[in-house]
Amino acid sequence: DFLRVRKDDNNAPYKDWINVTVLWVDLSASASADPESPDSQLPDSPIYEGKETSIQLSGVHPFGMQRAIANTTYGDSMALGGILFRGQISPNDLDRDSFDTPLTTGFARDSESNATVTFGFVFRRTVDAIDYYDGNLIHSEATVFQGQDDSFEAFQDVNPDPENDRPTITDLDGPAIQFSIKDHFVHRRLNFVEHASYSFLAGVHERSSIDVKWSMSADAALNYEGKATFIVDLPNNGIGTNEVRIGSESHIDKNYSVPTPTLSANGTNVLGGGMQITRGQDVTIVITGTNLIGDVFLKRDTQVLFPAKNVLVKETDAAHHYSDLTEIHAVFKTTAGPSDGWEVYMKNDNGTSNSIGGFSLVDPS
């Protein structure tokens, strides 16, 4: 009921006893894309109470590089790179009410991506990242971002539950790859550092785990059916891009080496055959070649340029949702007058491809 403190006298009748509890989190992570691996199973509730949210979001095994499935929040026009953090807490006799109150309360995440709690555990994450679009290293649409990037409450389960006799907290991260009408090829390079902290005082975060480094690299486009499709490298094969990596050596070079596209005259034509492009209508041009990444244009002389409304890739490996970039569709709609001498060409920061000429603009029949 009270603390007795002896005087500075070795013959004093009382001794000092102060009990100190040190909270520590043994933090580990998994990003195995093998759904059969025992190390890559998403825990059931209550160990991970965000499982149902994850299923509704993407519908897939949420680790490694994956394409979401139809009829989910993401839908199959998005892909993601998933990783699960487990934090095993010491001492191992803690439960949700160890301090006569829920062990974690008052979770909040502000517009600056800072997650805080009034009391208890929270996962903290920083990011150093850059996105490239359409094969451009320096592009008006490129984004560079650094700073705090904590998960939302729906993906952090920071009220511990026993797993293998250890109180455990979890965090599921899944950076997404999504497209806009302007961004046909998306290249993401993200380096993360994550740790767990504990707050005895609201907003004061005391580190309670080591830092864990991880990264995601992703290159993707939409296929002919409008589904997210990986490009450049097969996903989850441990080589190159389209990987989630974990560990002290996991951080990647954010510079992106853009391959130079080469167009082939044999097979590059208007979908359905021919070289005539109907004015005022959406017309799809089939382009064949190699390394077909970049901005796609209709060009006449050096002055007249019409960018493609949309660019889609042929999925050549359905099992891995992958395209080898040897065939793409570019959709154009132009109101330029009837004329000959039009070319299709692609460009990126590594240079301009050989353009394919011989196209004509014609009036609707």
# chains A, B, ... in the order shown; residues from 1 in each chain; ligands from 1
$ residues_around --residues "range 231-243 of chain A" --least-positions-apart "3" --cutoff "10 Å" --atoms "only C-alpha atoms" --output "ChimeraX atom specification"
/A:31-34,63-66,80-82,185-189,215-222,228,246,252,258-259,291-293,313,315,317,320-325
$ residues_around --residues "Ala115 in chain A" --least-positions-apart "5" --cutoff "7 Å" --atoms "only C-alpha atoms" --output "list in words"
Ala108, Arg109, Asp110, Arg124 and Asp150 of chain A
$ residues_around --residues "Ser353 in chain A" --least-positions-apart "6" --cutoff "12 Å" --atoms "only C-alpha atoms" --output "list in words"
Pro259, Thr260, Pro261, Thr262, Leu263, Ser264, Gly289, Thr290, Asn291, Leu292, Ile293, Gly294, Asp295, Val296, Phe297, Glu343, Val344, Tyr345, Met346 and Lys347 of chain A
$ closest_residue --among "A:Ile277, A:Ile89, A:Ile177, A:Ala319" --to "Val331 in chain A" --atoms "only C-alpha atoms"
A:Ile277
$ closest_residue --among "A:Asn191, A:Thr278, A:Gln56, A:Ser180" --to "Val311 in chain A" --atoms "only C-alpha atoms"
A:Ser180
$ residues_around --residues "Ala154 in chain A" --least-positions-apart "4" --cutoff "9 Å" --atoms "only C-alpha atoms" --output "PyMOL selection string"
chain A and resi 49-50+53-54
$ residues_around --residues "Thr268 in chain A" --least-positions-apart "5" --cutoff "10 Å" --atoms "only C-alpha atoms" --output "PDB file with N, CA and C atoms, in the first residue's frame"
ATOM      1  N   LEU A 263       9.680  -1.118 -81.594  1.00  0.00           N
ATOM      2  CA  LEU A 263       8.449  -1.504 -82.282  1.00  0.00           C
ATOM      3  C   LEU A 263       8.774  -2.345 -83.506  1.00  0.00           C
ATOM      4  N   GLY A 273      -7.049  -5.232 -88.621  1.00  0.00           N
ATOM      5  CA  GLY A 273      -6.319  -5.188 -89.878  1.00  0.00           C
ATOM      6  C   GLY A 273      -6.329  -3.813 -90.509  1.00  0.00           C
ATOM      7  N   GLY A 274      -5.332  -3.579 -91.319  1.00  0.00           N
ATOM      8  CA  GLY A 274      -5.261  -2.331 -92.050  1.00  0.00           C
ATOM      9  C   GLY A 274      -4.477  -1.264 -91.341  1.00  0.00           C
ATOM     10  N   MET A 275      -4.320  -0.112 -92.012  1.00  0.00           N
ATOM     11  CA  MET A 275      -3.527   1.003 -91.501  1.00  0.00           C
ATOM     12  C   MET A 275      -4.332   2.297 -91.494  1.00  0.00           C
ATOM     13  N   ILE A 285      -4.976   0.417 -81.867  1.00  0.00           N
ATOM     14  CA  ILE A 285      -3.853   0.006 -82.695  1.00  0.00           C
ATOM     15  C   ILE A 285      -3.058  -1.057 -81.940  1.00  0.00           C
ATOM     16  N   VAL A 286      -2.826  -2.172 -82.601  1.00  0.00           N
ATOM     17  CA  VAL A 286      -2.014  -3.249 -82.039  1.00  0.00           C
ATOM     18  C   VAL A 286      -0.547  -2.934 -82.320  1.00  0.00           C
ATOM     19  N   ILE A 287       0.265  -2.914 -81.263  1.00  0.00           N
ATOM     20  CA  ILE A 287       1.694  -2.648 -81.406  1.00  0.00           C
ATOM     21  C   ILE A 287       2.457  -3.885 -80.947  1.00  0.00           C
ATOM     22  N   THR A 288       3.376  -4.351 -81.776  1.00  0.00           N
ATOM     23  CA  THR A 288       4.212  -5.484 -81.389  1.00  0.00           C
ATOM     24  C   THR A 288       5.666  -5.036 -81.351  1.00  0.00           C
ATOM     25  N   GLY A 289       6.471  -5.768 -80.582  1.00  0.00           N
ATOM     26  CA  GLY A 289       7.878  -5.430 -80.462  1.00  0.00           C
ATOM     27  C   GLY A 289       8.456  -6.002 -79.194  1.00  0.00           C
ATOM     28  N   GLU A 327       3.452  -7.316 -76.932  1.00  0.00           N
ATOM     29  CA  GLU A 327       2.273  -6.821 -77.652  1.00  0.00           C
ATOM     30  C   GLU A 327       1.456  -5.960 -76.711  1.00  0.00           C
ATOM     31  N   ILE A 328       1.024  -4.789 -77.230  1.00  0.00           N
ATOM     32  CA  ILE A 328       0.159  -3.903 -76.458  1.00  0.00           C
ATOM     33  C   ILE A 328      -0.911  -3.337 -77.376  1.00  0.00           C
ATOM     34  N   HIS A 329      -1.972  -2.802 -76.779  1.00  0.00           N
ATOM     35  CA  HIS A 329      -3.015  -2.079 -77.496  1.00  0.00           C
ATOM     36  C   HIS A 329      -2.971  -0.614 -77.077  1.00  0.00           C
ATOM     37  N   VAL A 344       3.041   5.712 -85.498  1.00  0.00           N
ATOM     38  CA  VAL A 344       2.869   5.359 -84.091  1.00  0.00           C
ATOM     39  C   VAL A 344       4.262   5.247 -83.490  1.00  0.00           C
ATOM     40  N   ILE A 356       6.660   3.446 -86.231  1.00  0.00           N
ATOM     41  CA  ILE A 356       6.109   2.685 -87.351  1.00  0.00           C
ATOM     42  C   ILE A 356       5.171   3.597 -88.121  1.00  0.00           C
ATOM     43  N   GLY A 357       5.465   3.827 -89.383  1.00  0.00           N
ATOM     44  CA  GLY A 357       4.668   4.722 -90.209  1.00  0.00           C
ATOM     45  C   GLY A 357       3.690   3.963 -91.101  1.00  0.00           C
TER      46      GLY A 357
END
$ residues_around --residues "Phe107 in chain A" --least-positions-apart "3" --cutoff "8 Å" --atoms "only C-alpha atoms" --output "list in words"
Thr104, Ala115, Thr116, Val117, Thr118 and Glu153 of chain A
$ atom_distance --atom1 "CA of Phe145 in chain A" --atom2 "CA of Ser113 in chain A"
12.1 Å
$ select_by_dssp --residues "range 118-343 of chain A" --states "strand (DSSP E or B)" --output "JSON, numbers by chain"
{"A": [119, 120, 121, 122, 123, 124, 125, 126, 127, 128, 129, 130, 131, 132, 133, 136, 143, 144, 145, 146, 147, 148, 156, 157, 158, 159, 160, 161, 162, 163, 166, 167, 168, 169, 170, 171, 172, 173, 176, 177, 185, 186, 187, 188, 189, 190, 191, 192, 193, 194, 195, 196, 197, 198, 199, 200, 201, 204, 205, 206, 207, 212, 213, 214, 215, 216, 217, 218, 219, 220, 221, 222, 223, 228, 229, 230, 243, 244, 245, 246, 262, 263, 264, 265, 266, 267, 268, 269, 270, 276, 277, 278, 283, 284, 285, 286, 287, 288, 289, 290, 295, 296, 297, 298, 299, 300, 304, 305, 306, 307, 310, 311, 312, 313, 317, 322, 327, 328, 329, 330, 331, 332, 339, 340, 341, 342, 343]}
$ closest_atom_pairs --of "range 66-151 of chain A" --to "range 195-200 of chain A" --cutoff "8 Å" --atoms "only C-alpha atoms" --output "tab-separated table"
residue	atom	partner	partner_atom	distance
A:Gly87	CA	A:Ala196	CA	7.6
A:Val117	CA	A:Ser199	CA	6.8
A:Thr118	CA	A:Ser199	CA	6.9
A:Phe119	CA	A:Ser199	CA	5.1
A:Gly120	CA	A:Ser199	CA	5.1
A:Phe121	CA	A:Tyr198	CA	4.4
A:Val122	CA	A:Ser197	CA	5.6
A:Phe123	CA	A:Ala196	CA	4.5
A:Arg124	CA	A:His195	CA	5.5
A:Arg125	CA	A:His195	CA	6.6
$ residues_around --residues "Leu23 in chain A" --least-positions-apart "4" --cutoff "7 Å" --atoms "only C-alpha atoms" --output "ChimeraX atom specification"
/A:90-91,208
$ select_by_dssp --residues "range 18-215 of chain A" --states "alpha helix (DSSP H)" --output "list in words"
Lys51, Glu52, Thr53, Ser54, Ile55, Gln56, Leu57 and Ser58 of chain A
$ atom_distance --atom1 "CA of Ser58 in chain A" --atom2 "CA of Ala176 in chain A"
10.2 Å
$ closest_residue --among "A:Thr105, A:Asn354, A:Gln88, A:Ser365" --to "Gly203 in chain A" --atoms "only C-alpha atoms"
A:Thr105
$ closest_residue --among "A:Thr326, A:Lys213, A:Pro102, A:Phe332" --to "Gly267 in chain A" --atoms "only C-alpha atoms"
A:Thr326
$ closest_residue --among "A:Lys314, A:Asp301, A:Ser209, A:Gly358" --to "Gln276 in chain A" --atoms "only C-alpha atoms"
A:Gly358
